[in-house]
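Enquirer: If you scroll down you'll find the structure; I have some questions about it.
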Amino acid sequence: MESIIFELGLTVEGTSLYLLLDAIKNADGEAGLDDIRARWQSTEEKLKMSISELQAHRVVAEVEDGVRLYPVEEWIVSSRS
């Protein structure tokens, strides 16, 4: 887990999604949508909003069946939500 996540000004859901992804990602940094949804404790709408929020900071990218975490060096930390 990268503690800089708390400095991005994300919503609670966006931060929660990052923590979830960090916990369930595979060796390639990817997490499948089925695995995410099985653990996500909010609505589908908030999940989609949180993915978009993390994409805006280049924390994640969408892949075929889920999302992939970018290395922290690639995150956009100057933009605030």
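Residue numbering restarts at 1 in every chain; chains get A, B, ... in the order shown in the structure tokens, and ligands count up from 1 in that same order.
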List as an NGL selection string the protein and nucleic acid residues near Gly9 (chain A), meaning an atom at most 12 Å away when only C-alpha atoms are counted, but skip any in the same chain fewer than 2 places from it.
Expert: :A and (4-7 or 11-15 or 53-54 or 56-57 or 76-81)
Enquirer: Pull N, CA and C atoms from the residues just selected and write them as a PDB file, in the first residue's frame.
Expert:
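So part-v7.pdb came out as:
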ATOM      1  N   ILE A   4       0.867   7.568  -0.078  1.00  0.00           N
ATOM      2  CA  ILE A   4       0.571   8.793  -0.816  1.00  0.00           C
ATOM      3  C   ILE A   4      -0.879   8.820  -1.306  1.00  0.00           C
ATOM      4  N   ILE A   5      -1.525   7.673  -1.331  1.00  0.00           N
ATOM      5  CA  ILE A   5      -2.933   7.616  -1.736  1.00  0.00           C
ATOM      6  C   ILE A   5      -3.778   8.575  -0.898  1.00  0.00           C
ATOM      7  N   PHE A   6      -3.386   8.777   0.356  1.00  0.00           N
ATOM      8  CA  PHE A   6      -4.146   9.645   1.253  1.00  0.00           C
ATOM      9  C   PHE A   6      -3.902  11.124   0.975  1.00  0.00           C
ATOM     10  N   GLU A   7      -2.945  11.440   0.125  1.00  0.00           N
ATOM     11  CA  GLU A   7      -2.629  12.828  -0.214  1.00  0.00           C
ATOM     12  C   GLU A   7      -3.260  13.268  -1.531  1.00  0.00           C
ATOM     13  N   THR A  11     -12.178  10.729  -2.730  1.00  0.00           N
ATOM     14  CA  THR A  11     -13.347  10.447  -1.904  1.00  0.00           C
ATOM     15  C   THR A  11     -13.055   9.225  -1.034  1.00  0.00           C
ATOM     16  N   VAL A  12     -13.898   8.993  -0.059  1.00  0.00           N
ATOM     17  CA  VAL A  12     -13.763   7.805   0.785  1.00  0.00           C
ATOM     18  C   VAL A  12     -13.850   6.551  -0.077  1.00  0.00           C
ATOM     19  N   GLU A  13     -14.793   6.541  -1.025  1.00  0.00           N
ATOM     20  CA  GLU A  13     -14.960   5.377  -1.887  1.00  0.00           C
ATOM     21  C   GLU A  13     -13.744   5.150  -2.771  1.00  0.00           C
ATOM     22  N   GLY A  14     -13.168   6.233  -3.318  1.00  0.00           N
ATOM     23  CA  GLY A  14     -11.987   6.109  -4.157  1.00  0.00           C
ATOM     24  C   GLY A  14     -10.805   5.530  -3.391  1.00  0.00           C
ATOM     25  N   THR A  15     -10.600   6.030  -2.184  1.00  0.00           N
ATOM     26  CA  THR A  15      -9.526   5.511  -1.339  1.00  0.00           C
ATOM     27  C   THR A  15      -9.801   4.063  -0.963  1.00  0.00           C
ATOM     28  N   GLU A  53     -12.423   7.984 -10.810  1.00  0.00           N
ATOM     29  CA  GLU A  53     -11.626   8.876  -9.965  1.00  0.00           C
ATOM     30  C   GLU A  53     -10.168   8.401  -9.905  1.00  0.00           C
ATOM     31  N   LEU A  54      -9.962   7.114  -9.734  1.00  0.00           N
ATOM     32  CA  LEU A  54      -8.597   6.580  -9.700  1.00  0.00           C
ATOM     33  C   LEU A  54      -7.925   6.702 -11.069  1.00  0.00           C
ATOM     34  N   ALA A  56      -8.423   9.137 -13.164  1.00  0.00           N
ATOM     35  CA  ALA A  56      -8.076  10.555 -13.316  1.00  0.00           C
ATOM     36  C   ALA A  56      -6.728  10.866 -12.671  1.00  0.00           C
ATOM     37  N   HIS A  57      -6.361  10.117 -11.672  1.00  0.00           N
ATOM     38  CA  HIS A  57      -5.068  10.300 -10.995  1.00  0.00           C
ATOM     39  C   HIS A  57      -4.017   9.312 -11.494  1.00  0.00           C
ATOM     40  N   ILE A  76      -0.675  10.705 -10.834  1.00  0.00           N
ATOM     41  CA  ILE A  76      -0.775  12.159 -10.943  1.00  0.00           C
ATOM     42  C   ILE A  76      -1.180  12.658  -9.559  1.00  0.00           C
ATOM     43  N   VAL A  77      -0.225  13.269  -8.889  1.00  0.00           N
ATOM     44  CA  VAL A  77      -0.490  13.686  -7.513  1.00  0.00           C
ATOM     45  C   VAL A  77      -0.768  15.177  -7.393  1.00  0.00           C
ATOM     46  N   SER A  78      -0.548  15.953  -8.450  1.00  0.00           N
ATOM     47  CA  SER A  78      -0.762  17.397  -8.354  1.00  0.00           C
ATOM     48  C   SER A  78      -2.221  17.796  -8.500  1.00  0.00           C
ATOM     49  N   SER A  79      -3.041  16.958  -9.158  1.00  0.00           N
ATOM     50  CA  SER A  79      -4.467  17.262  -9.326  1.00  0.00           C
ATOM     51  C   SER A  79      -5.222  16.826  -8.096  1.00  0.00           C
ATOM     52  N   ARG A  80      -6.119  17.644  -7.660  1.00  0.00           N
ATOM     53  CA  ARG A  80      -6.955  17.294  -6.511  1.00  0.00           C
ATOM     54  C   ARG A  80      -8.376  17.101  -6.977  1.00  0.00           C
ATOM     55  N   SER A  81      -9.068  16.133  -6.361  1.00  0.00           N
ATOM     56  CA  SER A  81     -10.478  15.878  -6.693  1.00  0.00           C
ATOM     57  C   SER A  81     -11.354  16.919  -6.040  1.00  0.00           C
TER      58      SER A  81
END
Enquirer: So which residues touch region 69-75 of chain A within 12 Å, counting only C-alpha atoms, skipping near sequence neighbours fewer than 5 positions away, as a PDB file with C-alpha atoms, in the first residue's frame?
Expert:
ATOM      1  CA  MET A   1       0.000   0.000   0.000  1.00  0.00           C
ATOM      2  CA  GLU A   2       1.287   3.402  -0.979  1.00  0.00           C
ATOM      3  CA  SER A   3       0.557   5.974   1.746  1.00  0.00           C
ATOM      4  CA  ILE A   4       0.571   8.793  -0.816  1.00  0.00           C
ATOM      5  CA  ILE A   5      -2.933   7.616  -1.736  1.00  0.00           C
ATOM      6  CA  GLU A   7      -2.629  12.828  -0.214  1.00  0.00           C
ATOM      7  CA  LEU A   8      -4.594  12.712  -3.488  1.00  0.00           C
ATOM      8  CA  LEU A  17     -11.292   1.018  -3.796  1.00  0.00           C
ATOM      9  CA  TYR A  18      -7.534   1.552  -3.968  1.00  0.00           C
ATOM     10  CA  LEU A  19      -7.069  -0.295  -0.662  1.00  0.00           C
ATOM     11  CA  LEU A  20      -9.262  -3.133  -1.925  1.00  0.00           C
ATOM     12  CA  LEU A  21      -7.348  -3.340  -5.209  1.00  0.00           C
ATOM     13  CA  ASP A  22      -4.025  -3.354  -3.418  1.00  0.00           C
ATOM     14  CA  ALA A  23      -5.207  -6.271  -1.297  1.00  0.00           C
ATOM     15  CA  ILE A  24      -6.538  -8.448  -4.139  1.00  0.00           C
ATOM     16  CA  LYS A  25      -4.284  -7.608  -7.109  1.00  0.00           C
ATOM     17  CA  ASN A  26      -2.327 -10.369  -8.806  1.00  0.00           C
ATOM     18  CA  ALA A  27       1.400 -10.378  -9.590  1.00  0.00           C
ATOM     19  CA  ASP A  28       0.761  -8.153 -12.631  1.00  0.00           C
ATOM     20  CA  GLY A  29      -1.053  -5.572 -10.502  1.00  0.00           C
ATOM     21  CA  GLU A  30      -4.443  -6.520 -11.947  1.00  0.00           C
ATOM     22  CA  ALA A  31      -7.733  -7.243 -10.213  1.00  0.00           C
ATOM     23  CA  GLY A  32     -10.765  -8.728 -11.947  1.00  0.00           C
ATOM     24  CA  ILE A  51     -12.682   3.645 -10.873  1.00  0.00           C
ATOM     25  CA  LEU A  54      -8.597   6.580  -9.700  1.00  0.00           C
ATOM     26  CA  GLN A  55      -8.133   6.749 -13.480  1.00  0.00           C
ATOM     27  CA  ALA A  56      -8.076  10.555 -13.316  1.00  0.00           C
ATOM     28  CA  HIS A  57      -5.068  10.300 -10.995  1.00  0.00           C
ATOM     29  CA  ARG A  58      -3.488   7.545 -13.104  1.00  0.00           C
ATOM     30  CA  VAL A  59      -3.674   5.159 -10.161  1.00  0.00           C
ATOM     31  CA  VAL A  60      -5.476   2.535 -12.264  1.00  0.00           C
ATOM     32  CA  ALA A  61      -6.143   1.655 -15.878  1.00  0.00           C
ATOM     33  CA  GLU A  62      -9.033  -0.417 -17.137  1.00  0.00           C
ATOM     34  CA  VAL A  63      -8.034  -3.753 -18.625  1.00  0.00           C
TER      35      VAL A  63
END
Enquirer: I'd like to know which residues of chain A are strand (DSSP E) (by DSSP, run on the backbone); could you write them as a ChimeraX atom specification?
Expert: /A:30-32,60-63,66-69
Enquirer: Where in chain A does DSSP assign helix (DSSP H, G or I), given as number ranges by chain?
Expert: A: 3-7, 12-24, 33-39, 44-56, 72-74
Enquirer: Just N, CA and C atoms for this one: save the residues we selected as a compact mmCIF listing (two decimals), in the first residue's frame.
Expert:
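Listed below is the output, again25.txt:
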# COMPACT_ATOMS: atom_id res chain seq x y z
N SER A 3 1.22 5.01 0.86
CA SER A 3 0.56 5.97 1.75
C SER A 3 0.23 7.29 1.05
N ILE A 4 0.87 7.57 -0.08
CA ILE A 4 0.57 8.79 -0.82
C ILE A 4 -0.88 8.82 -1.31
N ILE A 5 -1.52 7.67 -1.33
CA ILE A 5 -2.93 7.62 -1.74
C ILE A 5 -3.78 8.57 -0.90
N PHE A 6 -3.39 8.78 0.36
CA PHE A 6 -4.15 9.64 1.25
C PHE A 6 -3.90 11.12 0.98
N GLU A 7 -2.95 11.44 0.12
CA GLU A 7 -2.63 12.83 -0.21
C GLU A 7 -3.26 13.27 -1.53
N VAL A 12 -13.90 8.99 -0.06
CA VAL A 12 -13.76 7.80 0.79
C VAL A 12 -13.85 6.55 -0.08
N GLU A 13 -14.79 6.54 -1.02
CA GLU A 13 -14.96 5.38 -1.89
C GLU A 13 -13.74 5.15 -2.77
N GLY A 14 -13.17 6.23 -3.32
CA GLY A 14 -11.99 6.11 -4.16
C GLY A 14 -10.81 5.53 -3.39
N THR A 15 -10.60 6.03 -2.18
CA THR A 15 -9.53 5.51 -1.34
C THR A 15 -9.80 4.06 -0.96
N SER A 16 -11.04 3.76 -0.63
CA SER A 16 -11.41 2.39 -0.27
C SER A 16 -11.17 1.43 -1.43
N LEU A 17 -11.51 1.87 -2.64
CA LEU A 17 -11.29 1.02 -3.80
C LEU A 17 -9.80 0.75 -3.99
N TYR A 18 -8.98 1.77 -3.85
CA TYR A 18 -7.53 1.55 -3.97
C TYR A 18 -7.06 0.52 -2.94
N LEU A 19 -7.49 0.65 -1.70
CA LEU A 19 -7.07 -0.29 -0.66
C LEU A 19 -7.53 -1.71 -1.00
N LEU A 20 -8.74 -1.83 -1.51
CA LEU A 20 -9.26 -3.13 -1.93
C LEU A 20 -8.42 -3.70 -3.06
N LEU A 21 -8.14 -2.89 -4.08
CA LEU A 21 -7.35 -3.34 -5.21
C LEU A 21 -5.96 -3.77 -4.78
N ASP A 22 -5.36 -3.01 -3.90
CA ASP A 22 -4.03 -3.35 -3.42
C ASP A 22 -4.02 -4.70 -2.71
N ALA A 23 -5.12 -5.01 -2.04
CA ALA A 23 -5.21 -6.27 -1.30
C ALA A 23 -5.45 -7.47 -2.21
N ILE A 24 -6.15 -7.29 -3.33
CA ILE A 24 -6.54 -8.45 -4.14
C ILE A 24 -5.83 -8.54 -5.49
N LEU A 33 -12.89 -7.64 -12.25
CA LEU A 33 -14.13 -7.00 -11.80
C LEU A 33 -14.98 -7.92 -10.94
N ASP A 34 -15.01 -9.21 -11.24
CA ASP A 34 -15.78 -10.14 -10.42
C ASP A 34 -15.25 -10.18 -8.99
N ASP A 35 -13.92 -10.22 -8.86
CA ASP A 35 -13.32 -10.21 -7.53
C ASP A 35 -13.58 -8.90 -6.80
N ILE A 36 -13.52 -7.79 -7.54
CA ILE A 36 -13.78 -6.48 -6.94
C ILE A 36 -15.22 -6.40 -6.45
N ARG A 37 -16.15 -6.76 -7.33
CA ARG A 37 -17.57 -6.68 -6.97
C ARG A 37 -17.92 -7.58 -5.79
N ALA A 38 -17.26 -8.73 -5.68
CA ALA A 38 -17.54 -9.65 -4.57
C ALA A 38 -17.17 -9.05 -3.22
N ARG A 39 -16.26 -8.09 -3.23
CA ARG A 39 -15.79 -7.48 -1.98
C ARG A 39 -16.26 -6.04 -1.79
N GLU A 44 -22.94 -0.25 -7.41
CA GLU A 44 -22.23 -0.36 -8.69
C GLU A 44 -21.89 1.03 -9.22
N GLU A 45 -22.80 1.98 -9.04
CA GLU A 45 -22.56 3.35 -9.48
C GLU A 45 -21.34 3.94 -8.78
N LYS A 46 -21.24 3.74 -7.47
CA LYS A 46 -20.09 4.26 -6.73
C LYS A 46 -18.81 3.53 -7.12
N LEU A 47 -18.90 2.27 -7.47
CA LEU A 47 -17.73 1.55 -7.95
C LEU A 47 -17.23 2.17 -9.24
N LYS A 48 -18.14 2.42 -10.18
CA LYS A 48 -17.74 3.02 -11.45
C LYS A 48 -17.17 4.42 -11.25
N MET A 49 -17.77 5.20 -10.37
CA MET A 49 -17.27 6.54 -10.07
C MET A 49 -15.88 6.47 -9.45
N SER A 50 -15.67 5.50 -8.59
CA SER A 50 -14.38 5.35 -7.93
C SER A 50 -13.29 4.92 -8.91
N ILE A 51 -13.64 4.04 -9.83
CA ILE A 51 -12.68 3.65 -10.87
C ILE A 51 -12.31 4.87 -11.70
N SER A 52 -13.30 5.66 -12.09
CA SER A 52 -13.03 6.88 -12.86
C SER A 52 -12.15 7.86 -12.09
N GLU A 53 -12.42 7.98 -10.81
CA GLU A 53 -11.63 8.88 -9.97
C GLU A 53 -10.17 8.40 -9.91
N LEU A 54 -9.96 7.11 -9.73
CA LEU A 54 -8.60 6.58 -9.70
C LEU A 54 -7.92 6.70 -11.07
N GLN A 55 -8.69 6.56 -12.14
CA GLN A 55 -8.13 6.75 -13.48
C GLN A 55 -7.67 8.19 -13.68
N ALA A 56 -8.42 9.14 -13.16
CA ALA A 56 -8.08 10.55 -13.32
C ALA A 56 -6.73 10.87 -12.67
N VAL A 72 3.35 3.65 -8.40
CA VAL A 72 3.13 4.94 -7.75
C VAL A 72 3.88 6.07 -8.46
N GLU A 73 4.99 5.76 -9.10
CA GLU A 73 5.76 6.79 -9.81
C GLU A 73 4.98 7.38 -10.99
N GLU A 74 3.96 6.70 -11.45
CA GLU A 74 3.17 7.18 -12.58
C GLU A 74 1.89 7.91 -12.16
